[in-house]
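Chemist: I'd like to ask some things about the structure below.
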Amino acid sequence: MEKFLSNIVKGCVKLLLPMSTSLLVSCQLDYENTSAIDPNAAWGSETMIQAYLTDIYGGMMPGWNFSGDGSDESGDLGDYQRGVNLSVSNNGIDFNYEYIDKINYLLEQLPAVPESILPVEKSRQIKGQALFWRAWKYWEYVSQLGGVPLILNTQDISDENSLFVKRSPTSVCVDSIIADLDQAIELLPDKWTGNDYGKIDRCAAMAFKGRVLLWYASPLFNRNKDVSRWEKAYDANKEALTTCLEVGHALMPDFSQIWLTDGTDNAEALMFRRYNYPDSYYNMYTLLPEHYTNGYSCLCVPNLPVVLAFPLKDGSSMALFPQSEEFNPSPLDTVRLKTDQTYNAQIMERLVTGMDPRFYASLAVPGLSFPTNALPAGQNSWSTYVKVDGVYKCMLDYQCSKQTGTTLYGGFYPLKGVTPGTDKSSSTYGGVNPWIEIRLAEVYMNLAECASELNNSEHDYKEALDYIAVLRQRAGIERGDGNWGYGLDLYASQEGVRHLLINERLAEFAQEDMRFGDLRRWMRFDIMNQEKYRSNLFFVYNVSTTDFSDFDWTQSMADPMTRNKFHLEFVYNVNQVEASQYNYTTSHWFFPIGLNSMAKNFVNDQSQQNNEWGGSFDPLL
């Protein structure tokens, strides 16, 4: 019978040595292995204790994810997106408490380590980091499943019955997560320096606490609209912002440099994973057109909702979704785009030269530069299209003399995470751009949402717009007229801010794995279902030809004369398959416990399965 947890129990220690990829395992079995490393010796060395903590970091710190986040932001439409084959076997989440058990073991060993080995302050700091990571892992499960088995101590494998732990109520789990974070906040330094830079500090813990409480106050968990939850979320995010600013964090003045700035110069990064090739790196090929890679082509081609989530440089919007006559006064007119040549040219000009500067820092535009050395010097990246006999062909095929046969999802490509100067040989590794899991802009945005949702005598939509104005000012959007400027006066109401945040968060955090979570916690899958298909705008050459021998690849789409050679076409279904359409379930807001965990940990006790999936466990309690 398999015990509920993990790989580490008393007498079994797994360490990742700092200068080695080897794993050393020593376990007290039913005989004495005199050649093995004594696990107790690990607690007689600060270096070994720090290595134990490093192993936890290595296994738990998020990194770049380029397969899309399951939303309308990018990626192919799987069964879940299409609302088919929904079942526990297909959608279940199984438990892996390996790192929770490691953390519990660490927390139990620390008090016995003498000061001569580990000074009090260092012991406190290690405990604070461990508590943060335990809260992190529990929230990963609670955010998806609701309450889970809450295990805060190592288990005794000799007591078999004790290994089968029932799920705790969601409210109890959230209280435990916040308690861990509150302790961590007390124990951690404001900021780390020197070789410790990059570890979890007080600001990261405070910002994460704000994120957790924002989620817990959101409609997903808060169906009864408990105002006290919004008050707690507001207080946590306000305290996080105040502390971050006091200790020297700030918004990066140039949005485009956030993912190109590593180290202490990146004042905006609160929680991040650093890369340093060849010791640590990530594959970039799923970010790039296939013409620039030696691997799979981009899986993250931004869909039209991402493109239109960004406002224009005057703060106005062309967004189609969510639909609202009041807050979408001038959405992109896809019918007029096809029938009105002047309007078509106007929209093209806006996309090429007239957008929010965040747009150009986040997305590569067809016919403009791309940060690759795969093209000859001076050439722009022509991810535009030519239409021959009704079939779209990417002009990069002709520019690079490489017929890829890649499925055509659109000509915009993501820029966050792309190392400047990448080429085919380096496309499979990136070692410059840090992954930023939490940055100061998120704290501003979270605080804006909390203020608007409170909407009382102290906090309301006005305060919310103040915070969003700070982000739009940093972005470089024109101030313009109005009480707030930056195009924000249109949203001067609680409902207006709610509407604004749906696109503002998508624009600010494009490709940062937040979109699916945001729509889920707002219970707004209807937005993606209204979109129906993955759609996009193609820049199409006005001449139906495959002869580009005289085409000047150095010309720029920013030049009006060059733009006159192209027009925009709205492609409603880039997948070109009728079944590839969004049909997100609105009956299942939480995921089910996986069959493996149900069988082994709950002995198929259906009272432990979520009530949306045939069980009786209510994740809202």
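Convention: chains lettered A, B, ... in structure tokens order; per-chain residue numbering from 1; ligands numbered from 1 as shown.
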Taking the chain letters and numbering used in this document, name the residues of stretch 158-393 of chain A that DSSP puts in helix (DSSP H, G or I), as a PyMOL selection string.
Modeler: chain A and resi 160-163+170-187+194-196+202-217+227-246+255-260+263-265+285-287+290-292+304-309+334-339+341-353+357-362
Chemist: May I have the residues within 12 Å of A:Ser401 as a ChimeraX atom specification, using only C-alpha atoms and disregarding those fewer than 2 positions away in the same chain?
Modeler: /A:291-292,374-375,394-399,403-404,546-549
Chemist: Deliver the residues from the most recent selection as a file, using N, CA, C and O atoms, as a PDB file, in the first residue's frame.
Modeler:
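The resulting file, result.pdb, is reproduced below:
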ATOM      1  N   HIS A 291      11.232  29.414 -39.221  1.00  0.00           N
ATOM      2  CA  HIS A 291      12.322  29.820 -40.103  1.00  0.00           C
ATOM      3  C   HIS A 291      13.567  30.219 -39.324  1.00  0.00           C
ATOM      4  O   HIS A 291      14.671  30.237 -39.889  1.00  0.00           O
ATOM      5  N   TYR A 292      13.406  30.544 -38.052  1.00  0.00           N
ATOM      6  CA  TYR A 292      14.528  31.003 -37.245  1.00  0.00           C
ATOM      7  C   TYR A 292      14.988  29.945 -36.242  1.00  0.00           C
ATOM      8  O   TYR A 292      15.769  30.246 -35.340  1.00  0.00           O
ATOM      9  N   ALA A 374      19.136  35.337 -37.612  1.00  0.00           N
ATOM     10  CA  ALA A 374      18.868  34.366 -38.671  1.00  0.00           C
ATOM     11  C   ALA A 374      18.605  35.056 -40.005  1.00  0.00           C
ATOM     12  O   ALA A 374      18.600  34.395 -41.047  1.00  0.00           O
ATOM     13  N   LEU A 375      18.353  36.366 -39.972  1.00  0.00           N
ATOM     14  CA  LEU A 375      18.117  37.119 -41.197  1.00  0.00           C
ATOM     15  C   LEU A 375      19.360  37.928 -41.566  1.00  0.00           C
ATOM     16  O   LEU A 375      20.111  38.349 -40.678  1.00  0.00           O
ATOM     17  N   CYS A 394       3.075  31.947 -46.154  1.00  0.00           N
ATOM     18  CA  CYS A 394       3.856  32.907 -45.381  1.00  0.00           C
ATOM     19  C   CYS A 394       5.034  33.406 -46.214  1.00  0.00           C
ATOM     20  O   CYS A 394       5.784  32.611 -46.803  1.00  0.00           O
ATOM     21  N   MET A 395       5.227  34.720 -46.256  1.00  0.00           N
ATOM     22  CA  MET A 395       6.315  35.284 -47.048  1.00  0.00           C
ATOM     23  C   MET A 395       7.681  34.974 -46.460  1.00  0.00           C
ATOM     24  O   MET A 395       8.696  35.090 -47.161  1.00  0.00           O
ATOM     25  N   LEU A 396       7.732  34.552 -45.190  1.00  0.00           N
ATOM     26  CA  LEU A 396       9.011  34.120 -44.630  1.00  0.00           C
ATOM     27  C   LEU A 396       9.558  32.909 -45.377  1.00  0.00           C
ATOM     28  O   LEU A 396      10.771  32.711 -45.440  1.00  0.00           O
ATOM     29  N   ASP A 397       8.667  32.091 -45.951  1.00  0.00           N
ATOM     30  CA  ASP A 397       9.117  30.948 -46.738  1.00  0.00           C
ATOM     31  C   ASP A 397      10.024  31.402 -47.877  1.00  0.00           C
ATOM     32  O   ASP A 397      11.014  30.742 -48.205  1.00  0.00           O
ATOM     33  N   TYR A 398       9.682  32.529 -48.474  1.00  0.00           N
ATOM     34  CA  TYR A 398      10.425  33.034 -49.624  1.00  0.00           C
ATOM     35  C   TYR A 398      11.607  33.880 -49.167  1.00  0.00           C
ATOM     36  O   TYR A 398      12.678  33.848 -49.784  1.00  0.00           O
ATOM     37  N   GLN A 399      11.433  34.595 -48.091  1.00  0.00           N
ATOM     38  CA  GLN A 399      12.536  35.404 -47.569  1.00  0.00           C
ATOM     39  C   GLN A 399      13.692  34.523 -47.102  1.00  0.00           C
ATOM     40  O   GLN A 399      14.862  34.841 -47.330  1.00  0.00           O
ATOM     41  N   GLN A 403      10.712  26.349 -47.148  1.00  0.00           N
ATOM     42  CA  GLN A 403       9.302  26.005 -47.174  1.00  0.00           C
ATOM     43  C   GLN A 403       8.996  25.131 -45.954  1.00  0.00           C
ATOM     44  O   GLN A 403       9.302  23.946 -45.934  1.00  0.00           O
ATOM     45  N   THR A 404       8.404  25.748 -44.941  1.00  0.00           N
ATOM     46  CA  THR A 404       8.238  25.034 -43.672  1.00  0.00           C
ATOM     47  C   THR A 404       6.967  24.214 -43.608  1.00  0.00           C
ATOM     48  O   THR A 404       6.904  23.208 -42.909  1.00  0.00           O
ATOM     49  N   THR A 546       4.199  34.078 -56.266  1.00  0.00           N
ATOM     50  CA  THR A 546       5.205  33.373 -55.475  1.00  0.00           C
ATOM     51  C   THR A 546       6.610  33.797 -55.901  1.00  0.00           C
ATOM     52  O   THR A 546       7.596  33.218 -55.461  1.00  0.00           O
ATOM     53  N   ASP A 547       6.683  34.813 -56.742  1.00  0.00           N
ATOM     54  CA  ASP A 547       7.973  35.333 -57.208  1.00  0.00           C
ATOM     55  C   ASP A 547       8.315  36.590 -56.422  1.00  0.00           C
ATOM     56  O   ASP A 547       7.750  37.664 -56.658  1.00  0.00           O
ATOM     57  N   PHE A 548       9.224  36.451 -55.460  1.00  0.00           N
ATOM     58  CA  PHE A 548       9.635  37.586 -54.647  1.00  0.00           C
ATOM     59  C   PHE A 548      11.096  37.952 -54.900  1.00  0.00           C
ATOM     60  O   PHE A 548      11.764  38.506 -54.040  1.00  0.00           O
ATOM     61  N   SER A 549      11.577  37.627 -56.105  1.00  0.00           N
ATOM     62  CA  SER A 549      12.975  37.896 -56.444  1.00  0.00           C
ATOM     63  C   SER A 549      13.298  39.380 -56.413  1.00  0.00           C
ATOM     64  O   SER A 549      14.446  39.772 -56.160  1.00  0.00           O
TER      65      SER A 549
END
Chemist: Between A:Phe255, A:Tyr141, A:Tyr392, A:Tyr429, single out the one closest to A:Val540, counting only C-alpha atoms.
Modeler: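 When distances to A:Val540 are compared using only C-alpha atoms, the smallest one comes from A:Tyr392.
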Chemist: Residues at most 8 Å from A:Tyr275, counting only C-alpha atoms, excluding those fewer than 6 positions away in the same chain, as an MDAnalysis selection string?
Modeler: chainID A and resid 281:282 430:434
Chemist: How would the residues just picked look written out with N, CA and C atoms as a PDB file, in the first residue's frame?
Modeler:
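result13.pdb was written with the following content:
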ATOM      1  N   TYR A 281      19.016  26.980 -18.631  1.00  0.00           N
ATOM      2  CA  TYR A 281      18.530  27.642 -19.837  1.00  0.00           C
ATOM      3  C   TYR A 281      17.149  27.113 -20.185  1.00  0.00           C
ATOM      4  N   TYR A 282      16.528  27.705 -21.179  1.00  0.00           N
ATOM      5  CA  TYR A 282      15.214  27.273 -21.643  1.00  0.00           C
ATOM      6  C   TYR A 282      15.218  27.269 -23.164  1.00  0.00           C
ATOM      7  N   GLY A 430      18.036  29.548 -24.092  1.00  0.00           N
ATOM      8  CA  GLY A 430      18.021  30.958 -23.719  1.00  0.00           C
ATOM      9  C   GLY A 430      18.614  31.080 -22.336  1.00  0.00           C
ATOM     10  N   GLY A 431      19.529  31.988 -22.182  1.00  0.00           N
ATOM     11  CA  GLY A 431      20.170  32.110 -20.885  1.00  0.00           C
ATOM     12  C   GLY A 431      20.305  33.531 -20.411  1.00  0.00           C
ATOM     13  N   VAL A 432      19.491  34.423 -20.949  1.00  0.00           N
ATOM     14  CA  VAL A 432      19.588  35.835 -20.586  1.00  0.00           C
ATOM     15  C   VAL A 432      18.325  36.308 -19.885  1.00  0.00           C
ATOM     16  N   ASN A 433      17.188  36.034 -20.473  1.00  0.00           N
ATOM     17  CA  ASN A 433      15.936  36.616 -20.002  1.00  0.00           C
ATOM     18  C   ASN A 433      15.436  35.924 -18.741  1.00  0.00           C
ATOM     19  N   PRO A 434      15.312  36.643 -17.633  1.00  0.00           N
ATOM     20  CA  PRO A 434      14.758  36.018 -16.429  1.00  0.00           C
ATOM     21  C   PRO A 434      13.250  35.808 -16.576  1.00  0.00           C
TER      22      PRO A 434
END
Chemist: Tell me which protein, DNA and RNA residues are within 12 Å of A:Arg211, counting only C-alpha atoms, leaving out same-chain ones fewer than 2 positions away, and put them as JSON, numbers by chain.
Modeler: {"A": [136, 139, 143, 177, 178, 181, 204, 205, 206, 207, 208, 209, 213, 214, 215, 216, 217, 218, 230, 232, 233, 234, 235, 236, 237, 238, 240, 437, 438, 439, 440, 442, 443, 444, 445, 446, 447, 449, 450, 514, 517, 518, 521]}
Chemist: Between A:Arg202, A:Lys387, A:Lys424, A:Lys102, which has the minimum distance to A:Phe538 (counting only C-alpha atoms)?
Modeler: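 Nearest to A:Phe538: A:Lys387.
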Chemist: What's around A:Asn380 at 7 Å? Count only C-alpha atoms, leave out sequence neighbours fewer than 5 positions away in its own chain, and write the answer as an mmCIF file with C-alpha atoms, in the first residue's frame.
Modeler:
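Result file selection37.cif:
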data_model
loop_
_atom_site.group_PDB
_atom_site.id
_atom_site.type_symbol
_atom_site.label_atom_id
_atom_site.label_comp_id
_atom_site.auth_asym_id
_atom_site.auth_seq_id
_atom_site.Cartn_x
_atom_site.Cartn_y
_atom_site.Cartn_z
ATOM 1 C CA GLY A 367 7.281 43.738 -41.700
ATOM 2 C CA LEU A 368 9.225 45.212 -38.782
ATOM 3 C CA SER A 369 12.407 44.039 -37.083
ATOM 4 C CA PHE A 370 12.717 40.816 -35.108
ATOM 5 C CA TRP A 553 13.240 42.669 -47.653
ATOM 6 C CA THR A 554 14.861 45.742 -46.058
ATOM 7 C CA SER A 556 9.692 48.578 -43.486
#
Chemist: Which residues come within 8 Å of A:Leu287, counting only C-alpha atoms, excluding same-chain residues fewer than 2 positions away, as a list in words?
Modeler: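 Skipping anything fewer than 2 positions along the chain leaves Phe66, Met284, Tyr285, Pro289, Ser297, Cys298, Leu299, Cys300, Val301, Tyr413, Pro414, Leu415, Gly417 and Val418 of chain A.
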Chemist: Interatomic distance between atom CA of A:Leu465 and atom CA of A:Leu500?
Modeler: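 Those two atoms sit 9.7 Å apart.
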Chemist: Using only C-alpha atoms, which residue out of A:Leu471, A:Leu490, A:Gly410, A:Glu569 lies closest to A:Pro329?
Modeler: A:Leu490
Chemist: Run DSSP on the backbone and tell me which residues of stretch 336-413 of chain A come out as strand (DSSP E); list them as a ChimeraX atom specification.
Modeler: /A:363-364,385-388,391-394,413
Chemist: Deliver the residues from the most recent selection as a file, using all heavy atoms, as a JSON list (two decimals), in the first residue's frame.
Modeler:
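Final output, saved to result-v7.json:
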[["chain", "number", "residue", "atom", "x", "y", "z"],
["A", 363, "LEU", "N", 4.98, 42.19, -28.66],
["A", 363, "LEU", "CA", 4.68, 41.47, -29.89],
["A", 363, "LEU", "C", 5.52, 42.00, -31.04],
["A", 363, "LEU", "O", 5.69, 43.21, -31.20],
["A", 363, "LEU", "CB", 3.19, 41.62, -30.25],
["A", 363, "LEU", "CG", 2.16, 41.25, -29.20],
["A", 363, "LEU", "CD1", 0.77, 41.50, -29.74],
["A", 363, "LEU", "CD2", 2.31, 39.80, -28.76],
["A", 364, "ALA", "N", 6.03, 41.10, -31.86],
["A", 364, "ALA", "CA", 6.71, 41.48, -33.09],
["A", 364, "ALA", "C", 5.66, 41.64, -34.18],
["A", 364, "ALA", "O", 4.79, 40.78, -34.36],
["A", 364, "ALA", "CB", 7.73, 40.42, -33.49],
["A", 385, "TYR", "N", 1.69, 37.59, -45.48],
["A", 385, "TYR", "CA", 1.17, 36.49, -46.29],
["A", 385, "TYR", "C", 0.91, 36.92, -47.72],
["A", 385, "TYR", "O", 0.65, 38.10, -48.00],
["A", 385, "TYR", "CB", -0.13, 35.95, -45.69],
["A", 385, "TYR", "CG", 0.08, 35.32, -44.33],
["A", 385, "TYR", "CD1", -0.08, 36.08, -43.17],
["A", 385, "TYR", "CD2", 0.47, 34.00, -44.20],
["A", 385, "TYR", "CE1", 0.14, 35.52, -41.92],
["A", 385, "TYR", "CE2", 0.68, 33.43, -42.95],
["A", 385, "TYR", "CZ", 0.52, 34.20, -41.82],
["A", 385, "TYR", "OH", 0.75, 33.65, -40.59],
["A", 386, "VAL", "N", 0.99, 35.94, -48.60],
["A", 386, "VAL", "CA", 0.53, 36.10, -49.96],
["A", 386, "VAL", "C", -0.55, 35.05, -50.17],
["A", 386, "VAL", "O", -0.46, 33.94, -49.64],
["A", 386, "VAL", "CB", 1.69, 35.92, -50.97],
["A", 386, "VAL", "CG1", 2.32, 34.55, -50.86],
["A", 386, "VAL", "CG2", 1.21, 36.18, -52.39],
["A", 387, "LYS", "N", -1.58, 35.42, -50.87],
["A", 387, "LYS", "CA", -2.71, 34.51, -51.07],
["A", 387, "LYS", "C", -2.71, 34.06, -52.52],
["A", 387, "LYS", "O", -2.91, 34.85, -53.45],
["A", 387, "LYS", "CB", -4.01, 35.23, -50.73],
["A", 387, "LYS", "CG", -5.19, 34.32, -50.41],
["A", 387, "LYS", "CD", -6.35, 35.13, -49.86],
["A", 387, "LYS", "CE", -7.50, 34.27, -49.43],
["A", 387, "LYS", "NZ", -8.64, 35.08, -48.89],
["A", 388, "VAL", "N", -2.48, 32.77, -52.71],
["A", 388, "VAL", "CA", -2.38, 32.19, -54.05],
["A", 388, "VAL", "C", -3.44, 31.11, -54.18],
["A", 388, "VAL", "O", -3.45, 30.14, -53.42],
["A", 388, "VAL", "CB", -0.97, 31.61, -54.31],
["A", 388, "VAL", "CG1", -0.91, 31.00, -55.70],
["A", 388, "VAL", "CG2", 0.09, 32.67, -54.12],
["A", 391, "VAL", "N", -5.16, 30.22, -51.03],
["A", 391, "VAL", "CA", -4.37, 29.62, -49.95],
["A", 391, "VAL", "C", -3.35, 30.63, -49.45],
["A", 391, "VAL", "O", -2.61, 31.22, -50.24],
["A", 391, "VAL", "CB", -3.66, 28.33, -50.44],
["A", 391, "VAL", "CG1", -2.79, 27.75, -49.34],
["A", 391, "VAL", "CG2", -4.69, 27.32, -50.92],
["A", 392, "TYR", "N", -3.29, 30.82, -48.12],
["A", 392, "TYR", "CA", -2.31, 31.72, -47.53],
["A", 392, "TYR", "C", -0.94, 31.04, -47.49],
["A", 392, "TYR", "O", -0.81, 29.89, -47.06],
["A", 392, "TYR", "CB", -2.70, 32.11, -46.10],
["A", 392, "TYR", "CG", -3.93, 32.97, -46.00],
["A", 392, "TYR", "CD1", -5.13, 32.44, -45.53],
["A", 392, "TYR", "CD2", -3.89, 34.32, -46.36],
["A", 392, "TYR", "CE1", -6.26, 33.24, -45.42],
["A", 392, "TYR", "CE2", -5.01, 35.12, -46.25],
["A", 392, "TYR", "CZ", -6.20, 34.58, -45.78],
["A", 392, "TYR", "OH", -7.32, 35.37, -45.68],
["A", 393, "LYS", "N", 0.08, 31.76, -47.93],
["A", 393, "LYS", "CA", 1.45, 31.30, -47.83],
["A", 393, "LYS", "C", 2.26, 32.37, -47.12],
["A", 393, "LYS", "O", 2.15, 33.55, -47.44],
["A", 393, "LYS", "CB", 2.05, 31.02, -49.22],
["A", 393, "LYS", "CG", 1.34, 29.91, -49.99],
["A", 393, "LYS", "CD", 1.99, 29.69, -51.34],
["A", 393, "LYS", "CE", 1.32, 28.59, -52.13],
["A", 393, "LYS", "NZ", 1.50, 27.27, -51.49],
["A", 394, "CYS", "N", 3.07, 31.95, -46.15],
["A", 394, "CYS", "CA", 3.86, 32.91, -45.38],
["A", 394, "CYS", "C", 5.03, 33.41, -46.21],
["A", 394, "CYS", "O", 5.78, 32.61, -46.80],
["A", 394, "CYS", "CB", 4.36, 32.26, -44.09],
["A", 394, "CYS", "SG", 5.20, 33.41, -42.99],
["A", 413, "TYR", "N", 4.27, 37.76, -33.39],
["A", 413, "TYR", "CA", 5.01, 36.79, -32.58],
["A", 413, "TYR", "C", 5.39, 37.41, -31.25],
["A", 413, "TYR", "O", 5.64, 38.61, -31.16],
["A", 413, "TYR", "CB", 6.27, 36.31, -33.32],
["A", 413, "TYR", "CG", 5.95, 35.32, -34.41],
["A", 413, "TYR", "CD1", 5.65, 35.76, -35.70],
["A", 413, "TYR", "CD2", 5.93, 33.96, -34.16],
["A", 413, "TYR", "CE1", 5.33, 34.85, -36.71],
["A", 413, "TYR", "CE2", 5.61, 33.04, -35.15],
["A", 413, "TYR", "CZ", 5.32, 33.50, -36.42],
["A", 413, "TYR", "OH", 4.99, 32.60, -37.40]]
Chemist: How many Å lie between atom CA of A:Val227 and atom CA of A:Glu458, rounded to one decimal?
Modeler: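 So the answer is 13.4 Å.
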Chemist: In terms of the shortest atom-to-atom distance over only C-alpha atoms, which of A:Asp550, A:Asp190, A:Glu578, A:Glu326 is closest to A:Tyr491?
Modeler: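 Among the listed residues, the smallest separation from A:Tyr491 belongs to A:Glu326.
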Chemist: Tell me which of A:Leu304, A:Val543, A:Met61, A:Ala441 sits closest to A:Tyr467, counting only C-alpha atoms.
Modeler: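 Smallest distance to A:Tyr467 is found for A:Ala441.
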Chemist: Can you work out which one of A:Ser362, A:Asn611, A:Thr242, A:Gln144 has the shortest atom-to-atom distance to A:Phe516, counting only C-alpha atoms?
Modeler: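 Using only C-alpha atoms, the shortest distance to A:Phe516 belongs to A:Gln144.
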Chemist: Env of A:Lys313: 12 Å cut, atoms = only C-alpha atoms, seq-sep filter 6 positions within chain, self excluded. Answer as a PyMOL selection string.
Modeler: chain A and resi 350-360+472-473+475-480+485-487
Chemist: Next, the residues of the selection above should be written as an mmCIF file, in the first residue's frame with N, CA and C atoms.
Modeler:
data_model
loop_
_atom_site.group_PDB
_atom_site.id
_atom_site.type_symbol
_atom_site.label_atom_id
_atom_site.label_comp_id
_atom_site.auth_asym_id
_atom_site.auth_seq_id
_atom_site.Cartn_x
_atom_site.Cartn_y
_atom_site.Cartn_z
ATOM 1 N N ARG A 350 -2.621 51.869 -37.546
ATOM 2 C CA ARG A 350 -2.687 51.841 -36.087
ATOM 3 C C ARG A 350 -1.858 50.689 -35.530
ATOM 4 N N LEU A 351 -1.982 49.511 -36.143
ATOM 5 C CA LEU A 351 -1.261 48.349 -35.642
ATOM 6 C C LEU A 351 0.249 48.505 -35.792
ATOM 7 N N VAL A 352 0.678 49.178 -36.836
ATOM 8 C CA VAL A 352 2.112 49.290 -37.113
ATOM 9 C C VAL A 352 2.760 50.444 -36.357
ATOM 10 N N THR A 353 2.038 51.546 -36.210
ATOM 11 C CA THR A 353 2.684 52.737 -35.625
ATOM 12 C C THR A 353 1.895 53.398 -34.499
ATOM 13 N N GLY A 354 0.640 52.982 -34.270
ATOM 14 C CA GLY A 354 -0.207 53.766 -33.381
ATOM 15 C C GLY A 354 -0.631 53.113 -32.087
ATOM 16 N N MET A 355 0.045 52.032 -31.681
ATOM 17 C CA MET A 355 -0.398 51.298 -30.506
ATOM 18 C C MET A 355 0.345 51.718 -29.236
ATOM 19 N N ASP A 356 -0.246 51.355 -28.116
ATOM 20 C CA ASP A 356 0.393 51.409 -26.807
ATOM 21 C C ASP A 356 1.817 50.854 -26.932
ATOM 22 N N PRO A 357 2.843 51.564 -26.428
ATOM 23 C CA PRO A 357 4.218 51.055 -26.555
ATOM 24 C C PRO A 357 4.421 49.656 -25.983
ATOM 25 N N ARG A 358 3.599 49.229 -25.026
ATOM 26 C CA ARG A 358 3.705 47.859 -24.525
ATOM 27 C C ARG A 358 3.475 46.848 -25.639
ATOM 28 N N PHE A 359 2.668 47.226 -26.598
ATOM 29 C CA PHE A 359 2.351 46.349 -27.733
ATOM 30 C C PHE A 359 3.625 45.952 -28.463
ATOM 31 N N TYR A 360 4.457 46.948 -28.768
ATOM 32 C CA TYR A 360 5.667 46.687 -29.543
ATOM 33 C C TYR A 360 6.765 46.047 -28.696
ATOM 34 N N ARG A 472 -0.201 52.887 -16.980
ATOM 35 C CA ARG A 472 -0.306 53.412 -18.352
ATOM 36 C C ARG A 472 0.691 54.547 -18.592
ATOM 37 N N GLN A 473 0.959 55.309 -17.552
ATOM 38 C CA GLN A 473 1.971 56.355 -17.694
ATOM 39 C C GLN A 473 3.332 55.720 -17.954
ATOM 40 N N ALA A 475 3.869 52.889 -19.265
ATOM 41 C CA ALA A 475 3.842 52.257 -20.580
ATOM 42 C C ALA A 475 4.206 53.235 -21.691
ATOM 43 N N GLY A 476 3.949 54.523 -21.461
ATOM 44 C CA GLY A 476 4.223 55.518 -22.490
ATOM 45 C C GLY A 476 3.004 55.937 -23.271
ATOM 46 N N ILE A 477 1.815 55.601 -22.774
ATOM 47 C CA ILE A 477 0.577 56.046 -23.409
ATOM 48 C C ILE A 477 0.422 57.545 -23.193
ATOM 49 N N GLU A 478 -0.139 58.222 -24.168
ATOM 50 C CA GLU A 478 -0.310 59.671 -24.080
ATOM 51 C C GLU A 478 -1.274 60.046 -22.966
ATOM 52 N N ARG A 479 -0.955 61.120 -22.226
ATOM 53 C CA ARG A 479 -1.789 61.548 -21.098
ATOM 54 C C ARG A 479 -3.163 62.015 -21.567
ATOM 55 N N GLY A 480 -3.222 62.856 -22.548
ATOM 56 C CA GLY A 480 -4.506 63.337 -23.063
ATOM 57 C C GLY A 480 -5.289 64.106 -22.019
ATOM 58 N N GLY A 485 -6.903 60.762 -17.530
ATOM 59 C CA GLY A 485 -6.158 60.714 -18.771
ATOM 60 C C GLY A 485 -5.859 59.286 -19.175
ATOM 61 N N TYR A 486 -4.962 59.131 -20.157
ATOM 62 C CA TYR A 486 -4.522 57.819 -20.640
ATOM 63 C C TYR A 486 -5.697 56.961 -21.126
ATOM 64 N N GLY A 487 -6.803 57.609 -21.519
ATOM 65 C CA GLY A 487 -7.970 56.882 -22.005
ATOM 66 C C GLY A 487 -8.791 56.224 -20.925
#
Chemist: Just how far from atom CA of A:Ser544 is atom CA of A:Lys565, in Å to one decimal?
Modeler: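 According to the coordinates, atom CA of A:Lys565 and atom CA of A:Ser544 are separated by 11.5 Å.
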